[in-house]
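Q: This is the content of start.cif (mmCIF, C-alpha atoms):
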data_work
#
loop_
_atom_site.label_atom_id
_atom_site.label_comp_id
_atom_site.auth_asym_id
_atom_site.auth_seq_id
_atom_site.Cartn_x
_atom_site.Cartn_y
_atom_site.Cartn_z
CA MET A 1 0.00 0.00 0.00
CA LYS A 2 1.24 3.48 -0.90
CA THR A 3 -0.37 6.79 0.05
CA TRP A 4 0.30 10.41 -0.73
CA THR A 5 -1.51 13.75 -0.89
CA SER A 6 -2.37 15.11 -4.32
CA LYS A 7 -1.80 18.74 -5.25
CA GLU A 8 -5.58 19.24 -4.90
CA GLY A 9 -5.32 18.18 -1.28
CA GLU A 10 -6.92 14.75 -1.63
CA GLN A 11 -5.43 11.66 -0.07
CA VAL A 12 -4.52 9.07 -2.71
CA THR A 13 -4.15 5.39 -1.85
CA VAL A 14 -2.84 2.68 -4.17
CA VAL A 15 -2.99 -0.98 -3.15
CA PHE A 16 -1.63 -4.09 -4.88
CA ASN A 17 -2.46 -7.64 -3.82
CA GLY A 18 0.65 -9.72 -4.50
CA THR A 19 -0.57 -12.75 -2.55
CA ALA A 20 -2.18 -15.93 -3.86
CA ASP A 21 -5.54 -15.17 -2.23
CA SER A 22 -8.07 -12.35 -2.06
CA LYS A 23 -7.13 -9.71 0.50
CA SER A 24 -9.03 -6.88 2.19
CA PHE A 25 -7.27 -3.52 2.57
CA LYS A 26 -8.16 -0.64 4.85
CA ILE A 27 -8.73 2.38 2.61
CA SER A 28 -10.03 5.21 4.80
CA THR A 29 -7.71 6.98 7.22
CA ASP A 30 -9.77 5.83 10.20
CA GLY A 31 -9.83 2.22 9.00
CA SER A 32 -13.62 2.14 8.76
CA TYR A 33 -13.70 1.35 5.03
CA THR A 34 -12.10 -1.72 3.45
CA TYR A 35 -11.83 -2.98 -0.10
CA THR A 36 -11.24 -6.58 -1.21
CA LEU A 37 -8.91 -7.31 -4.12
CA PRO A 38 -8.39 -10.64 -5.92
CA SER A 39 -4.87 -12.00 -6.22
CA GLY A 40 -2.58 -10.03 -8.53
CA THR A 41 -4.84 -6.99 -8.88
CA SER A 42 -4.51 -3.35 -7.87
CA ALA A 43 -6.75 -0.34 -7.26
CA MET A 44 -6.38 3.40 -6.68
CA PHE A 45 -8.61 5.45 -4.37
CA THR A 46 -9.01 9.07 -3.38
CA THR A 47 -10.78 10.19 -0.24
CA LYS A 48 -12.38 13.45 0.80
CA LYS A 49 -13.71 14.75 4.07
CA LEU A 50 -17.52 14.91 4.15
CA SER A 51 -17.25 18.60 4.97
CA SER A 52 -15.88 19.21 1.46
CA PHE A 53 -19.24 18.25 -0.07
CA PRO A 54 -22.13 20.75 -0.23
CA SER A 55 -25.27 19.93 1.74
CA PRO A 56 -27.74 18.36 -0.70
CA THR A 57 -31.28 19.75 -0.89
CA PHE A 58 -34.38 18.02 -2.33
CA SER A 59 -36.82 20.49 -3.91
CA GLU A 60 -39.14 18.75 -6.43
CA LEU A 61 -40.36 15.32 -7.54
CA LYS A 62 -42.10 14.82 -10.91
CA PRO A 63 -44.37 13.08 -11.55
CA GLU A 64 -45.80 12.49 -8.09
CA ARG A 65 -47.61 9.31 -9.09
CA GLY A 66 -46.93 6.42 -11.44
CA MET A 67 -46.61 2.69 -11.93
CA PRO A 68 -43.65 0.53 -10.93
CA ARG A 69 -40.82 0.97 -13.50
CA PHE A 70 -42.00 4.49 -14.41
CA LYS A 71 -39.22 7.03 -14.84
CA PHE A 72 -39.34 10.05 -12.51
CA THR A 73 -37.17 13.14 -11.99
CA ILE A 74 -35.91 14.79 -8.81
CA ARG A 75 -34.75 18.41 -8.77
CA GLY A 76 -32.63 20.07 -6.12
CA SER A 77 -29.07 21.15 -5.45
CA GLY A 78 -25.83 19.77 -4.07
CA PHE A 79 -26.50 16.15 -5.09
CA GLY A 80 -22.97 15.91 -6.55
CA ASP A 81 -21.78 15.64 -10.14
CA ALA A 82 -21.48 11.85 -9.97
CA GLN A 83 -23.55 9.38 -7.98
CA GLY A 84 -20.83 8.19 -5.60
CA LEU A 85 -22.59 7.14 -2.38
CA GLY A 86 -25.82 8.76 -3.58
CA THR A 87 -29.01 6.73 -3.38
CA VAL A 88 -32.73 7.17 -4.04
CA TYR A 89 -35.14 5.15 -1.89
CA PHE A 90 -38.83 4.31 -2.20
CA GLY A 91 -39.43 3.45 1.42
CA SER A 92 -36.70 0.84 1.95
CA SER A 93 -36.41 -0.11 -1.75
CA TYR A 94 -33.61 1.19 -3.98
CA ALA A 95 -34.53 3.00 -7.19
CA GLU A 96 -32.54 2.24 -10.34
CA ILE A 97 -30.67 5.43 -11.30
CA ASP A 98 -30.84 6.59 -14.92
CA THR A 99 -28.89 9.88 -14.76
CA TRP A 100 -27.28 11.83 -11.92
CA SER A 101 -26.12 15.45 -11.75
CA ASP A 102 -25.64 18.09 -9.09
CA THR A 103 -29.13 19.54 -9.66
CA GLY A 104 -31.16 16.64 -11.01
CA ILE A 105 -31.63 12.88 -10.79
CA SER A 106 -33.72 10.64 -13.03
CA ALA A 107 -34.54 7.13 -11.86
CA TYR A 108 -37.16 4.38 -12.05
CA VAL A 109 -39.88 3.40 -9.59
CA PRO A 110 -38.77 0.02 -8.15
CA LYS A 111 -40.50 -3.13 -9.37
CA GLY A 112 -43.02 -4.89 -7.19
CA LEU A 113 -44.14 -1.96 -5.05
CA PRO A 114 -47.74 -2.24 -3.82
CA ALA A 115 -50.20 0.52 -4.65
CA GLY A 116 -50.35 3.40 -2.21
CA LYS A 117 -48.34 6.28 -0.82
CA VAL A 118 -44.60 5.82 -0.30
CA THR A 119 -41.88 8.23 0.79
CA VAL A 120 -39.16 8.97 -1.75
CA SER A 121 -35.90 10.04 -0.11
CA VAL A 122 -32.49 10.99 -1.47
CA LYS A 123 -28.93 10.76 -0.22
CA GLY A 124 -26.39 12.96 -2.00
CA THR A 125 -23.02 11.91 -3.39
CA SER A 126 -21.49 11.94 0.11
CA GLY A 127 -24.30 9.81 1.56
CA VAL A 128 -25.86 12.79 3.38
CA ASP A 129 -29.68 13.01 3.52
CA ALA A 130 -31.16 15.53 1.10
CA GLY A 131 -34.83 15.22 2.07
CA GLY A 132 -37.74 13.69 0.20
CA SER A 133 -41.37 13.72 -0.81
CA SER A 134 -44.43 11.49 -1.13
CA PHE A 135 -45.13 9.39 -4.25
CA ASP A 136 -48.38 7.63 -5.13
CA VAL A 137 -47.79 4.16 -6.60
CA ILE A 138 -50.80 3.43 -8.80
CA ASP A 139 -52.47 0.15 -9.72
CA LEU A 140 -54.52 0.22 -12.94
CA GLY A 141 -56.52 -2.86 -11.96
CA PRO A 142 -57.10 -5.75 -14.35
CA ALA A 143 -56.43 -5.29 -18.05
CA LEU A 144 -59.06 -6.26 -20.61
CA PRO A 145 -58.89 -9.99 -21.47
CA ARG A 146 -56.96 -10.49 -24.72
CA THR A 147 -58.43 -13.83 -25.82
CA GLY A 148 -58.82 -13.84 -29.60
CA TRP A 149 -56.94 -10.57 -30.10
CA THR A 150 -54.56 -10.22 -33.04
CA ALA A 151 -51.84 -7.75 -33.91
CA LYS A 152 -49.95 -6.52 -36.95
CA ALA A 153 -47.32 -3.87 -37.69
CA SER A 154 -45.91 -1.82 -40.53
CA ASP A 155 -42.46 -3.38 -39.88
CA ALA A 156 -41.47 -6.48 -37.94
CA SER A 157 -38.29 -8.47 -37.47
CA GLN A 158 -38.28 -12.10 -38.59
CA TRP A 159 -37.80 -13.23 -34.96
CA ASP A 160 -40.24 -11.02 -33.04
CA ALA A 161 -43.76 -11.19 -34.45
CA PRO A 162 -46.46 -8.63 -33.51
CA GLY A 163 -48.49 -11.34 -31.78
CA ASN A 164 -45.80 -11.62 -29.10
CA MET A 165 -47.05 -8.44 -27.46
CA LEU A 166 -50.38 -10.18 -26.70
CA ASP A 167 -49.05 -13.49 -25.36
CA GLY A 168 -48.78 -12.63 -21.64
CA ASN A 169 -45.04 -13.36 -21.60
CA SER A 170 -42.81 -10.33 -21.00
CA ASP A 171 -39.76 -12.36 -22.11
CA THR A 172 -41.05 -12.36 -25.69
CA ARG A 173 -41.60 -9.21 -27.70
CA TYR A 174 -42.63 -7.59 -30.92
CA SER A 175 -39.74 -5.71 -32.50
CA SER A 176 -39.68 -3.58 -35.62
CA GLY A 177 -36.43 -4.96 -37.04
CA THR A 178 -35.57 -1.43 -38.10
CA GLY A 179 -34.71 1.85 -36.44
CA GLN A 180 -37.64 3.93 -35.24
CA TYR A 181 -39.03 6.41 -37.74
CA ASP A 182 -42.00 8.77 -37.95
CA GLY A 183 -44.90 6.66 -39.25
CA LEU A 184 -43.86 3.24 -37.94
CA TRP A 185 -47.03 1.66 -36.48
CA ILE A 186 -48.51 -1.26 -34.56
CA GLN A 187 -52.18 -2.22 -34.62
CA VAL A 188 -54.31 -4.42 -32.36
CA ASP A 189 -57.67 -5.97 -33.28
CA MET A 190 -59.62 -6.76 -30.11
CA GLY A 191 -62.06 -8.97 -32.04
CA GLN A 192 -65.11 -7.01 -30.97
CA THR A 193 -66.07 -3.55 -29.77
CA GLN A 194 -64.65 -2.74 -26.32
CA THR A 195 -64.84 0.26 -23.96
CA PHE A 196 -61.47 1.52 -22.71
CA SER A 197 -59.58 4.64 -21.64
CA LYS A 198 -55.86 3.82 -21.55
CA ILE A 199 -53.19 1.56 -22.95
CA VAL A 200 -49.82 0.46 -21.55
CA LEU A 201 -46.86 -0.40 -23.77
CA ASP A 202 -44.18 -2.36 -21.88
CA VAL A 203 -40.78 -2.97 -23.51
CA GLY A 204 -39.84 -5.70 -21.04
CA GLY A 205 -36.10 -6.32 -21.12
CA SER A 206 -35.46 -4.18 -24.23
CA VAL A 207 -35.04 -1.11 -22.05
CA SER A 208 -33.88 1.34 -24.76
CA ASP A 209 -36.39 0.32 -27.46
CA TYR A 210 -39.40 2.34 -26.33
CA ALA A 211 -41.17 4.89 -28.55
CA ARG A 212 -40.04 8.38 -27.57
CA SER A 213 -43.29 9.86 -28.91
CA ALA A 214 -46.44 8.41 -30.45
CA ASP A 215 -50.02 9.07 -31.53
CA VAL A 216 -52.90 6.73 -30.65
CA TYR A 217 -55.84 6.11 -32.98
CA VAL A 218 -59.01 4.01 -32.58
CA SER A 219 -61.46 2.59 -35.11
CA THR A 220 -64.62 0.50 -35.17
CA ASP A 221 -63.99 -0.95 -38.64
CA GLY A 222 -60.22 -0.79 -39.16
CA THR A 223 -60.64 1.73 -41.96
CA ASP A 224 -61.77 5.03 -40.48
CA TRP A 225 -59.49 6.17 -37.65
CA THR A 226 -59.89 8.77 -34.89
CA LYS A 227 -56.86 10.19 -33.11
CA VAL A 228 -57.42 10.09 -29.32
CA SER A 229 -54.02 10.91 -27.83
CA SER A 230 -50.49 12.15 -28.46
CA ALA A 231 -47.67 11.20 -26.10
CA ALA A 232 -44.27 12.88 -26.08
CA ASP A 233 -42.80 11.41 -22.90
CA GLY A 234 -42.02 7.83 -23.89
CA GLN A 235 -40.95 5.39 -21.19
CA ARG A 236 -40.04 1.73 -20.74
CA VAL A 237 -43.53 1.22 -19.35
CA HIS A 238 -45.61 3.78 -21.19
CA LEU A 239 -49.09 4.56 -19.86
CA ILE A 240 -51.13 6.54 -22.41
CA PRO A 241 -54.53 7.73 -21.11
CA PHE A 242 -57.29 9.33 -23.18
CA PRO A 243 -61.05 10.01 -22.99
CA THR A 244 -63.10 6.81 -22.78
CA GLN A 245 -63.52 5.19 -26.21
CA THR A 246 -65.69 2.44 -27.64
CA ALA A 247 -63.93 0.76 -30.55
CA ARG A 248 -62.51 -2.51 -31.86
CA TYR A 249 -59.13 -1.48 -33.25
CA ILE A 250 -56.23 0.45 -31.70
CA LYS A 251 -53.30 1.78 -33.70
CA VAL A 252 -50.19 3.35 -32.18
CA VAL A 253 -48.08 5.38 -34.61
CA ASN A 254 -44.47 6.15 -33.68
CA THR A 255 -43.76 9.85 -34.31
CA GLY A 256 -40.07 9.89 -33.35
CA ASN A 257 -36.90 9.20 -35.28
CA VAL A 258 -34.47 7.05 -33.30
CA ALA A 259 -32.41 5.20 -35.90
CA ARG A 260 -30.18 3.54 -33.27
CA SER A 261 -33.10 1.73 -31.58
CA TRP A 262 -35.70 -0.70 -32.82
CA TRP A 263 -39.23 -0.33 -31.51
CA SER A 264 -40.05 -3.17 -29.13
CA VAL A 265 -43.24 -3.97 -27.23
CA ALA A 266 -43.18 -6.99 -24.92
CA GLU A 267 -46.76 -6.51 -23.71
CA PHE A 268 -49.63 -4.38 -25.05
CA ASN A 269 -52.44 -4.01 -22.51
CA VAL A 270 -55.70 -2.08 -22.58
CA TYR A 271 -57.59 -0.77 -19.54
CA ASN A 272 -60.98 0.76 -18.83
#
Now, as a test, write the supplied structure out as structure tokens.
A:
Amino acid sequence: MKTWTSKEGEQVTVVFNGTADSKSFKISTDGSYTYTLPSGTSAMFTTKKLSSFPSPTFSELKPERGMPRFKFTIRGSGFGDAQGLGTVYFGSSYAEIDTWSDTGISAYVPKGLPAGKVTVSVKGTSGVDAGGSSFDVIDLGPALPRTGWTAKASDASQWDAPGNMLDGNSDTRYSSGTGQYDGLWIQVDMGQTQTFSKIVLDVGGSVSDYARSADVYVSTDGTDWTKVSSAADGQRVHLIPFPTQTARYIKVVNTGNVARSWWSVAEFNVYN
């Protein structure tokens, strides 16, 4: 182990494990933090005093309600430029972090949370509490039964057919087989007229293949279409509400251009 002080005033520690086994090294000056290295490996660390970090402050949470796996944004100050020891909690559950900056954090509502109010709290880069707010985890209730439903699309890969988004298995998916473009569409035939007011598009494990923006149309005959919603805030699990409709067909038209990503939908559900 070698240590020195950098010209910026930080303590630098370098450790090398030259033994045949894994070894734990004390890293912090007070010995409270250790790091385990496999045989023949090395690591470099810098340490700062907590007093060198600004006090983080939580100021805003948007949205204040959503489903598990929804993306949300926290605004504030002093969070730190990189996540470090920073954490976002929903009660006692960790939120998956998407982006982290000194004034804003985006993350995802943890999976499996029950419906109801939960406290969202933040720790800044140094692990210091920043405050928090209340979040309403929503449950949409049961989706409409999809027995006899069919699906088609303007573009589809040879491996991921449109029908996969109606099979109840989030490990299978529909995928476009091409980069997203304005006008790419998927269409569901519910077999008969249904009454409904929202749809949910879930990308499953294809976390970057969601539509960034889309228009939703409905039809009773599959020929004449009425636009009922436009969504510009695409997410991995995308809830699109609209005024209650009575129709047989639903078409979702991608209005974004994301050439690097296919459009994938693991599950397409409809709710009243």
Q: Taking the file as I've supplied it (selection: the PyMOL selection byres ((chain A and resi 96-111) around 8)), which residues are included? Please answer as a compact mmCIF listing (two decimals) with C-alpha atoms, in the frame of the given file.
A:
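This is the output file expr_38.txt:
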# COMPACT_ATOMS: atom_id res chain seq x y z
CA GLY A 66 -46.93 6.42 -11.44
CA MET A 67 -46.61 2.69 -11.93
CA PRO A 68 -43.65 0.53 -10.93
CA ARG A 69 -40.82 0.97 -13.50
CA PHE A 70 -42.00 4.49 -14.41
CA LYS A 71 -39.22 7.03 -14.84
CA PHE A 72 -39.34 10.05 -12.51
CA THR A 73 -37.17 13.14 -11.99
CA ILE A 74 -35.91 14.79 -8.81
CA ARG A 75 -34.75 18.41 -8.77
CA GLY A 76 -32.63 20.07 -6.12
CA SER A 77 -29.07 21.15 -5.45
CA GLY A 78 -25.83 19.77 -4.07
CA PHE A 79 -26.50 16.15 -5.09
CA GLY A 80 -22.97 15.91 -6.55
CA ASP A 81 -21.78 15.64 -10.14
CA ALA A 82 -21.48 11.85 -9.97
CA GLN A 83 -23.55 9.38 -7.98
CA VAL A 88 -32.73 7.17 -4.04
CA PHE A 90 -38.83 4.31 -2.20
CA SER A 93 -36.41 -0.11 -1.75
CA TYR A 94 -33.61 1.19 -3.98
CA ALA A 95 -34.53 3.00 -7.19
CA GLY A 112 -43.02 -4.89 -7.19
CA LEU A 113 -44.14 -1.96 -5.05
Q: Please, what distance in Å, to one decimal, runs between CA of Ser133 (chain A) and CA of Ser59 (chain A)?
A: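 Interatomic distance, CA of Ser133 (chain A) to CA of Ser59 (chain A): 8.7 Å.
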Q: Give as an mmCIF file with C-alpha atoms, in the coordinates of the input the residues that the PyMOL selection byres ((chain A and resi 192) around 10) matches when applied to the coordinates above.
A:
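The new file result_31.cif reads:
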data_model
loop_
_atom_site.group_PDB
_atom_site.id
_atom_site.type_symbol
_atom_site.label_atom_id
_atom_site.label_comp_id
_atom_site.auth_asym_id
_atom_site.auth_seq_id
_atom_site.Cartn_x
_atom_site.Cartn_y
_atom_site.Cartn_z
ATOM 1 C CA GLY A 148 -58.820 -13.840 -29.600
ATOM 2 C CA TRP A 149 -56.940 -10.570 -30.100
ATOM 3 C CA ASP A 189 -57.670 -5.970 -33.280
ATOM 4 C CA MET A 190 -59.620 -6.760 -30.110
ATOM 5 C CA GLY A 191 -62.060 -8.970 -32.040
ATOM 6 C CA THR A 193 -66.070 -3.550 -29.770
ATOM 7 C CA GLN A 194 -64.650 -2.740 -26.320
ATOM 8 C CA THR A 220 -64.620 0.500 -35.170
ATOM 9 C CA ASP A 221 -63.990 -0.950 -38.640
ATOM 10 C CA ALA A 247 -63.930 0.760 -30.550
ATOM 11 C CA ARG A 248 -62.510 -2.510 -31.860
ATOM 12 C CA TYR A 249 -59.130 -1.480 -33.250
#
Q: Between CA of Ser22 (chain A) and CA of Thr36 (chain A), what is the spacing in Å?
A: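 Distance between the two atoms: 6.6 Å.
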Q: How many Å lie between CA of Leu144 (chain A) and CA of Ala231 (chain A), rounded to one decimal?
A: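 Separating CA of Leu144 (chain A) from CA of Ala231 (chain A) is a distance of 21.6 Å.
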Q: Between A:Ser55, A:Asn257, A:Ser264, A:Thr195, which residue has the minimum interatomic distance to Asp171 (chain A), considering all atoms listed in the file?
A: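 Closest to Asp171 (chain A), using all atoms listed in the file: A:Ser264.
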Q: Could you tell me which residues the PyMOL selection byres ((chain A and resi 9-19) around 8) returns for this structure, as a PDB file with C-alpha atoms, in the frame of the given file?
A:
ATOM      1  CA  MET A   1       0.000   0.000   0.000  1.00  0.00           C
ATOM      2  CA  LYS A   2       1.240   3.480  -0.900  1.00  0.00           C
ATOM      3  CA  THR A   3      -0.370   6.790   0.050  1.00  0.00           C
ATOM      4  CA  TRP A   4       0.300  10.410  -0.730  1.00  0.00           C
ATOM      5  CA  THR A   5      -1.510  13.750  -0.890  1.00  0.00           C
ATOM      6  CA  SER A   6      -2.370  15.110  -4.320  1.00  0.00           C
ATOM      7  CA  LYS A   7      -1.800  18.740  -5.250  1.00  0.00           C
ATOM      8  CA  GLU A   8      -5.580  19.240  -4.900  1.00  0.00           C
ATOM      9  CA  ALA A  20      -2.180 -15.930  -3.860  1.00  0.00           C
ATOM     10  CA  ASP A  21      -5.540 -15.170  -2.230  1.00  0.00           C
ATOM     11  CA  SER A  22      -8.070 -12.350  -2.060  1.00  0.00           C
ATOM     12  CA  LYS A  23      -7.130  -9.710   0.500  1.00  0.00           C
ATOM     13  CA  PHE A  25      -7.270  -3.520   2.570  1.00  0.00           C
ATOM     14  CA  ILE A  27      -8.730   2.380   2.610  1.00  0.00           C
ATOM     15  CA  LEU A  37      -8.910  -7.310  -4.120  1.00  0.00           C
ATOM     16  CA  PRO A  38      -8.390 -10.640  -5.920  1.00  0.00           C
ATOM     17  CA  SER A  39      -4.870 -12.000  -6.220  1.00  0.00           C
ATOM     18  CA  GLY A  40      -2.580 -10.030  -8.530  1.00  0.00           C
ATOM     19  CA  THR A  41      -4.840  -6.990  -8.880  1.00  0.00           C
ATOM     20  CA  SER A  42      -4.510  -3.350  -7.870  1.00  0.00           C
ATOM     21  CA  ALA A  43      -6.750  -0.340  -7.260  1.00  0.00           C
ATOM     22  CA  MET A  44      -6.380   3.400  -6.680  1.00  0.00           C
ATOM     23  CA  PHE A  45      -8.610   5.450  -4.370  1.00  0.00           C
ATOM     24  CA  THR A  46      -9.010   9.070  -3.380  1.00  0.00           C
ATOM     25  CA  THR A  47     -10.780  10.190  -0.240  1.00  0.00           C
ATOM     26  CA  LYS A  48     -12.380  13.450   0.800  1.00  0.00           C
TER      27      LYS A  48
END
Q: Just checking: using only C-alpha atoms, which residue out of A:Ser134, A:Ser261, A:Thr244, A:Thr255 ends up closest to Ser176 (chain A)?
A: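 Selected residue with least distance to Ser176 (chain A): A:Ser261.
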Q: Out of A:Val137, A:Val270, A:Ala130, A:Val207, which residue has the shortest atom-to-atom distance to Leu239 (chain A) when counting all atoms listed in the file?
A: A:Val270
Q: Between A:Ser121, A:Thr246, A:Ser206, A:Gln180, single out the one closest to Val258 (chain A), counting only C-alpha atoms.
A: A:Gln180
Q: For region 29-44 of chain A, I'd like the enclosing box, axis-aligned and padded by 8 Å on every side, reported as JSON with centre and edge lengths in Å to one decimal.
A:
{"center_x": -8.1, "center_y": -2.5, "center_z": 0.7, "size_x": 27.1, "size_y": 35.0, "size_z": 35.1}
